[in-house]
There are 2 protein chains.
Amino acid sequence: MPLLSNRGAEMPESPIRKLVPYAEAAKKRGVKVYHLNIGQPDIKTPEVALDAIKNNKLEVLEYSHSAGIESYRKGLAAYYNSYKLNIDYTNIIVTTGGSEALLFAFFTCLNPGDEVIIPEPFYANYNGFATTAGVKIKPITSYIDTGFSLPKIEEFEKLITPNTKAILICNPGNPTGYLYSENELESLKEIVKKYRLFLFSDEVYREFCYDGKKHISVLQLEGIDDYTVVVDSVSKRYSMCGARIGALISKNKEVMQTALKYAQARLSPPTIGQVAAEAALKTPQKYFDEVISEYDERRKVLVNGLNKIEGVICPTPSGAFYAVAELPIDDADNFCKWMLESFEYKKQTVMLAPATGFYATKGNGKNQVRMAYVLKREDLKNALVCLEEALKVYPNRVEKNKKMEAL
Amino acid sequence: MPLLSNRGAEMPESPIRKLVPYAEAAKKRGVKVYHLNIGQPDIKTPEVALDAIKNNKLEVLEYSHSAGIESYRKGLAAYYNSYKLNIDYTNIIVTTGGSEALLFAFFTCLNPGDEVIIPEPFYANYNGFATTAGVKIKPITSYIDTGFSLPKIEEFEKLITPNTKAILICNPGNPTGYLYSENELESLKEIVKKYRLFLFSDEVYREFCYDGKKHISVLQLEGIDDYTVVVDSVSKRYSMCGARIGALISKNKEVMQTALKYAQARLSPPTIGQVAAEAALKTPQKYFDEVISEYDERRKVLVNGLNKIEGVICPTPSGAFYAVAELPIDDADNFCKWMLESFEYKKQTVMLAPATGFYATKGNGKNQVRMAYVLKREDLKNALVCLEEALKVYPNRVEKNKKMEAL
C-alpha cells in the first residue's frame with residue numbers, strides 16, 4: 001500500500017481524548033465518571049439562538065459569503081465595539097470555529113519552518129495546528145507558583161531567532177485561566193514591535209472574567225494594528241460549540257486579504273451556525289450575568305476544594321473555566337489512567353486531563369492536571385471527594401517534601 | 001509591520017469569484033445578470049432536512065464526536081452500501097464540507113513537495129488546497145474534442161516521478177461534467193497499483209448522472225482498498241451547500257486513524273448540519289427523480305443551445321451540472337469581464353467562469369468557459385440569447401478557421 005505522510009505521523013493525538021476508552025470501560029462497569037477533562041459546558045444555549053435555528057425560513061440552505069454573512073459581520077463588529085475594540089466589519093472573517101481562524105492566521109502569516117513563541121502550558125490543539133502548518137512552537141514556560149503569569153520579557157528575548165515570526169497567547173488562558181494584565185500586554189506590545197512579530201491572541205473566553213477583572217484585547221493596544229490578529233469563537237460565549245462559528249479579526253488589511261483567499265477556497269462557514277450566532281448577539285445581559293455568576297461559584301467550589309486537599313496546589317484562575325492544579329503524584333498520565341481503570345469511590349470516579357499534553361517542554365507538567373469547571377456545583381463537590389479519596393490510596397503518591405528534595 | 005507568509009502570497013484567488021465586482025457594478029446599472037458562473041443550485045433543500053433543523057430539540061448546541069455523530073455515520077454507510085460500496089461506518093469521518101475532506105486527505109497522505117497528478121481542467125479550488133498543503137499539482141490535460149475523457153495511461157506514466165504520491169480525479173467532473181467509465185477506472189487502478197499511489201476521488205456529484213449512465217465509485221474497484229480515498233459532500237446532493245457537511249471515506253485503516261487526528265484538532269464538524277444531513281438520508285426517491293430530471297432538461301437546453309450558436313462547441317456532459325464550452329473568442333478572462341462591463345442585451349447579460357482558472361497548464365482553456373446549469377430553463381434560454389448576441393459583437397471574436405490557422 002502507498003505510504004502515508006510524515007506530517008500525518010507527527011500529528012499529535014488529542015491528549016484530552018486519548019483517555020476516552022478507559023472512561024468508557026469504567027462506565028461499562030457501572031462507575032459514574034465526572035468529566036472534568038473537557039470544556040464542553042452544560043450551560044444552555046441562549047433561547048434567542050435556538051429560536052433562530054428553529055424559526056429560520058430558508059428553503060435553500062445556500063453557501064454564505066466566504067467571509068461570512070454581512071449582517072452577522074456587522075453585528076459582530078458592533079459587539080466588539082461595545083468593548084471599544086474599534087473595528088469595522090471588514091476586519092472580520094467568519095470562520096468554522098476558532099480552530100479554523102487560528103489555521104488561517106498561521107497559513108497567512110507564517111511559512112513552514114517559522115517559529116511561534118507560546119507561553120506554556122497552552123491549549124493542546126495548538127500543537128496540531130502547528131504541525132498542520134509546518135510551524136515550530138517555541139514554548140516559554142510559565143509557572144504555577146506565580147499563577148501562570150506572563151514570563152519576563154527577557155525570557156522571550158532569549159528565545160527569539162531569525163525564524164521567530166509570532167507570539168501566540170490565549171487570554172483568558174486555556175488551560176490556566178490566567179487573565180493578562182494591561183502591563184503584561186504592554187510588554188508584549190513592546191517586544192512584537194521591537195522584533196516585528198505578529199501577536200496572535202486567542203480570546204475565545206473573553207466574556208469569562210471574575211473578581212471584577214476586565215478582559216483587555218490585543219486589538220486595544222495602540223500603535224500595533226498591523227501586528228495583532230485575534231481568534232474568537234461563539235462556542236463558549238453562548239455555549240454553542242456545535243455551531244462551529246468563529247472569527248479571525250485583524251486591522252491589518254493585507255492579513256485580511258490573504259486570509260480571505262483561504263476562506264474562499266473552502267467556500268463558506270456554516271450557514272445555520274451563522275444564523276444562530278447572529279441571533280445570539282441579542283442575548284440579554286441577564287444570561288451572561290447568570291452564566292458568569294454560575295461559573296464563578298463553580299470556580300470557588302473547585303479551587304477552594306482543591307486547595308483543601310492535602311498536597312494539592314491550585315492557583316485561583318481569573319478567567320475562562322479551567323484550572324491547572326499540582327497533585328502529590330508521580331505522573332499525571334499514569335494517575336489519570338489509574339483513576340479510570342483502577343479506582344472508584346462509591347461507584348464514582350473523575351476524568352481529568354493530564355497537564356503534560358499542554359506543555360511542549362518534555363517533563364513539564366508531570367504532576368499537574370487540567371480541570372474544566374463546566375459541571376454543576378453538586379457534581380464538582382462529588383468529584384472533589386473522589387479525588388481526595390483517590391489521592392489517599394494512589395500507589396505512586398509523592399509527598400510535597402519528597403518532591404522538594406528531588407528538585 | 002511584520003511580513004506575511006510566502007505561501008499566503010502564492011495562495012490563488014478564486015477564479016470564479018474574482019469577477020464578482022464587475023457583476024455587482026452591472027447590477028447597479030440595472031442590468032440583470034444570469035449567473036452561470038457558480039454551482040449554487042436554486043433547487044430546494046429536501047423538506048425532511050429543513051424540518052429536522054426546525055424541529056431539533058437541542059438545548060445545548062454541543063460538539064459532536066470529532067468523526068461525526070455515530071448514528072449519522074451509520075446512516076451514511078447504509079446509503080453508500082445501497083450503491084454496493086461495501087463500507088463500514090468506521091470508514092467514514094464526517095467533515096466540514098468536501099473541502100475539509102480533501103485537505104485531510106492531502107495532509108494525511110502527502111508531504112510538502114509531493115506531487116499529485118490531476119486531469120485538467122479541474123475544480124479550481126484544488127489549487128488552493130494544494131498550496132495550503134504545500135503539495136505540487138502535475139496537470140494532465142484532457143481535451144474538449146474527446147469530451148474530456150481520461151488521458152491515456154502512457155500520458156500519466158510520463159508524468160510520474162519519485163515524488164508522485166497520488167492521482168486525484170473528480171467523478172462526475174467539475175468543471176467538465178465528465179463521467180468516468182469502468183474501463184477508465186480500471187486503468188487508473190492499474191497505474192496506482194503499479195506505482196503505489198493513492199487514488200483520491202472527489203465524488204460529490206455522484207447522484208447526478210444522465211442518459212441512464214451509472215456512477216462507479218473508486219471504492220468499488222477490487223483489490224485497491226488501501227489505495228482509495230473518497231471525498232464526498234451533501235452540498236449538491238441535497239442542495240444544502242450551507243450545511244458544510246462532507247465526508248472522508250477510506251477502507252485504509254491507517255489513513256482513517258491519521259485523518260482522525262486532524263479531525264480531533266478541529267474538534268467537530270457542525271452539529272446542526274449533521275442533524276440536517278442525517279435527516280436528508282430519508283429524502284424520498286421522488287425528490288431525486290425530479291431533481292435529476294430537472295437538471296437533465298436544463299443540460300439539454302444549455303448544451304443544445306450552445307452548439308447551435310455559430311463557433312461554439314460544447315461536448316455533452318454525462319454528470320454533475322457543469323459544462324465546458326469553447327467560444328470563438330481570443331481570451332475568456334477578457335470576454336467574461338467584457339460581458340459584465342461593456343455588454344448588455346435588453347438590459348441583460350451573463351456571468352461565466354473563464355476556464356483558465358480550471359487549468360494548471362498556462363495557456364490552456366483560453367477560449368473556454370465553464371457554465372453551471374443551476375438556473376431555471378427559462379433563465380438558461382435567456383442567457384443563451386444574450387451569449388449569442390454578445391458573440392456577434394464582441395470586438396475580439398476569433399473565427400474557428402482562424403484559430404485552426406493559428407494552431
# chains A, B, ... in the order shown; residues from 1 in each chain; ligands from 1

$ residues_around --residues "Met371 in chain B" --least-positions-apart "6" --cutoff "9 Å" --atoms "only C-alpha atoms" --output "PyMOL selection string"
chain B and resi 35-39+175+302+321-325+351-353

$ residues_around --residues "Ile309 in chain A" --least-positions-apart "2" --cutoff "10 Å" --atoms "only C-alpha atoms" --output "list in words"
Asn304, Gly305, Leu306, Asn307, Gly311, Val312, Ile313, Leu327, Pro328, Leu384, Val385, Leu387, Glu388, Glu389, Leu391 and Lys392 of chain A

$ interface_residues --of "chain B" --to "chain A" --cutoff "6 Å" --atoms "only C-alpha atoms" --output "compact mmCIF listing (two decimals) with C-alpha atoms, in the first residue's frame"
# COMPACT_ATOMS: atom_id res chain seq x y z
CA MET B 1 4.75 45.78 10.08
CA PRO B 2 5.60 42.06 10.13
CA LEU B 4 3.17 37.87 5.71
CA SER B 5 3.95 34.34 4.54
CA GLY B 8 -0.17 33.26 1.61
CA GLU B 13 -7.62 33.89 -5.65
CA LYS B 44 -34.99 23.42 -2.75
CA THR B 45 -33.37 21.51 0.11
CA LYS B 54 -36.63 23.38 12.65
CA GLU B 59 -30.89 22.76 24.46
CA VAL B 60 -27.11 22.82 24.40
CA LEU B 61 -25.65 23.04 20.91
CA GLU B 62 -22.74 20.75 21.76
CA TYR B 63 -19.70 19.49 19.87
CA SER B 99 -13.22 20.96 1.17
CA THR B 108 -2.70 12.57 5.80
CA CYS B 109 -1.20 11.11 2.65
CA LEU B 110 1.15 13.73 1.19
CA ASN B 111 4.26 15.50 2.39
CA ASN B 125 -10.05 25.20 -5.52
CA GLY B 128 -5.83 26.43 -3.10
CA ARG B 196 1.90 2.61 -5.26
CA LEU B 197 -0.04 5.86 -5.47
CA ASP B 226 -5.68 0.62 0.75
CA MET B 240 -27.62 22.17 1.12
CA CYS B 241 -24.22 23.74 0.44
CA GLY B 242 -24.54 25.89 3.57
CA ALA B 243 -24.75 22.87 5.88
CA ARG B 244 -20.99 22.39 5.36
CA THR B 258 -4.28 9.61 10.86
CA LYS B 261 -6.03 13.28 14.42
CA ALA B 265 -7.59 19.04 16.38
CA ARG B 266 -10.57 20.97 14.96
CA PRO B 270 -21.11 21.41 12.57
CA THR B 271 -23.77 19.76 14.73

$ atom_distance --atom1 "CA of Ser250 in chain B" --atom2 "CA of Leu221 in chain B"
12.4 Å

$ select_by_dssp --residues "range 177-329 of chain B" --states "strand (DSSP E or B)" --output "VMD selection string"
chain B and resid 198 to 202 209 228 to 233 246 to 250 313 319 322 to 326 329

$ atom_distance --atom1 "CA of Glu203 in chain B" --atom2 "CA of Gly173 in chain B"
8.3 Å

$ select_by_dssp --residues "range 106-222 of chain B" --states "alpha helix (DSSP H)" --output "ChimeraX atom specification"
/B:106-109,125-133,153-159,182-195

$ write_last_selection --atoms "C-alpha atoms" --output "mmCIF file, in the first residue's frame"
data_model
loop_
_atom_site.group_PDB
_atom_site.id
_atom_site.type_symbol
_atom_site.label_atom_id
_atom_site.label_comp_id
_atom_site.auth_asym_id
_atom_site.auth_seq_id
_atom_site.Cartn_x
_atom_site.Cartn_y
_atom_site.Cartn_z
ATOM 1 C CA PHE B 106 -3.714 15.783 1.425
ATOM 2 C CA PHE B 107 -2.304 16.237 4.941
ATOM 3 C CA THR B 108 -2.704 12.566 5.802
ATOM 4 C CA CYS B 109 -1.199 11.111 2.651
ATOM 5 C CA ASN B 125 -10.046 25.197 -5.521
ATOM 6 C CA TYR B 126 -7.772 22.142 -5.780
ATOM 7 C CA ASN B 127 -5.079 24.760 -6.417
ATOM 8 C CA GLY B 128 -5.832 26.425 -3.098
ATOM 9 C CA PHE B 129 -5.831 23.154 -1.175
ATOM 10 C CA ALA B 130 -2.548 22.115 -2.815
ATOM 11 C CA THR B 131 -0.960 25.462 -1.886
ATOM 12 C CA THR B 132 -2.272 25.089 1.667
ATOM 13 C CA ALA B 133 -0.745 21.626 1.950
ATOM 14 C CA ILE B 153 -2.266 5.734 -19.241
ATOM 15 C CA GLU B 154 1.018 6.340 -21.124
ATOM 16 C CA GLU B 155 0.433 10.065 -20.631
ATOM 17 C CA PHE B 156 0.124 9.529 -16.879
ATOM 18 C CA GLU B 157 3.292 7.445 -16.817
ATOM 19 C CA LYS B 158 5.226 10.253 -18.478
ATOM 20 C CA LEU B 159 4.403 12.487 -15.503
ATOM 21 C CA GLU B 182 -15.448 1.368 -15.830
ATOM 22 C CA ASN B 183 -12.558 0.888 -18.264
ATOM 23 C CA GLU B 184 -11.091 4.246 -17.380
ATOM 24 C CA LEU B 185 -11.314 3.497 -13.655
ATOM 25 C CA GLU B 186 -9.720 0.081 -14.226
ATOM 26 C CA SER B 187 -6.807 1.799 -16.000
ATOM 27 C CA LEU B 188 -6.392 4.117 -13.024
ATOM 28 C CA LYS B 189 -6.424 1.102 -10.733
ATOM 29 C CA GLU B 190 -3.578 -0.494 -12.658
ATOM 30 C CA ILE B 191 -1.452 2.615 -12.543
ATOM 31 C CA VAL B 192 -1.927 3.341 -8.825
ATOM 32 C CA LYS B 193 -1.091 -0.290 -8.023
ATOM 33 C CA LYS B 194 1.957 -0.281 -10.258
ATOM 34 C CA TYR B 195 3.394 2.914 -8.774
#
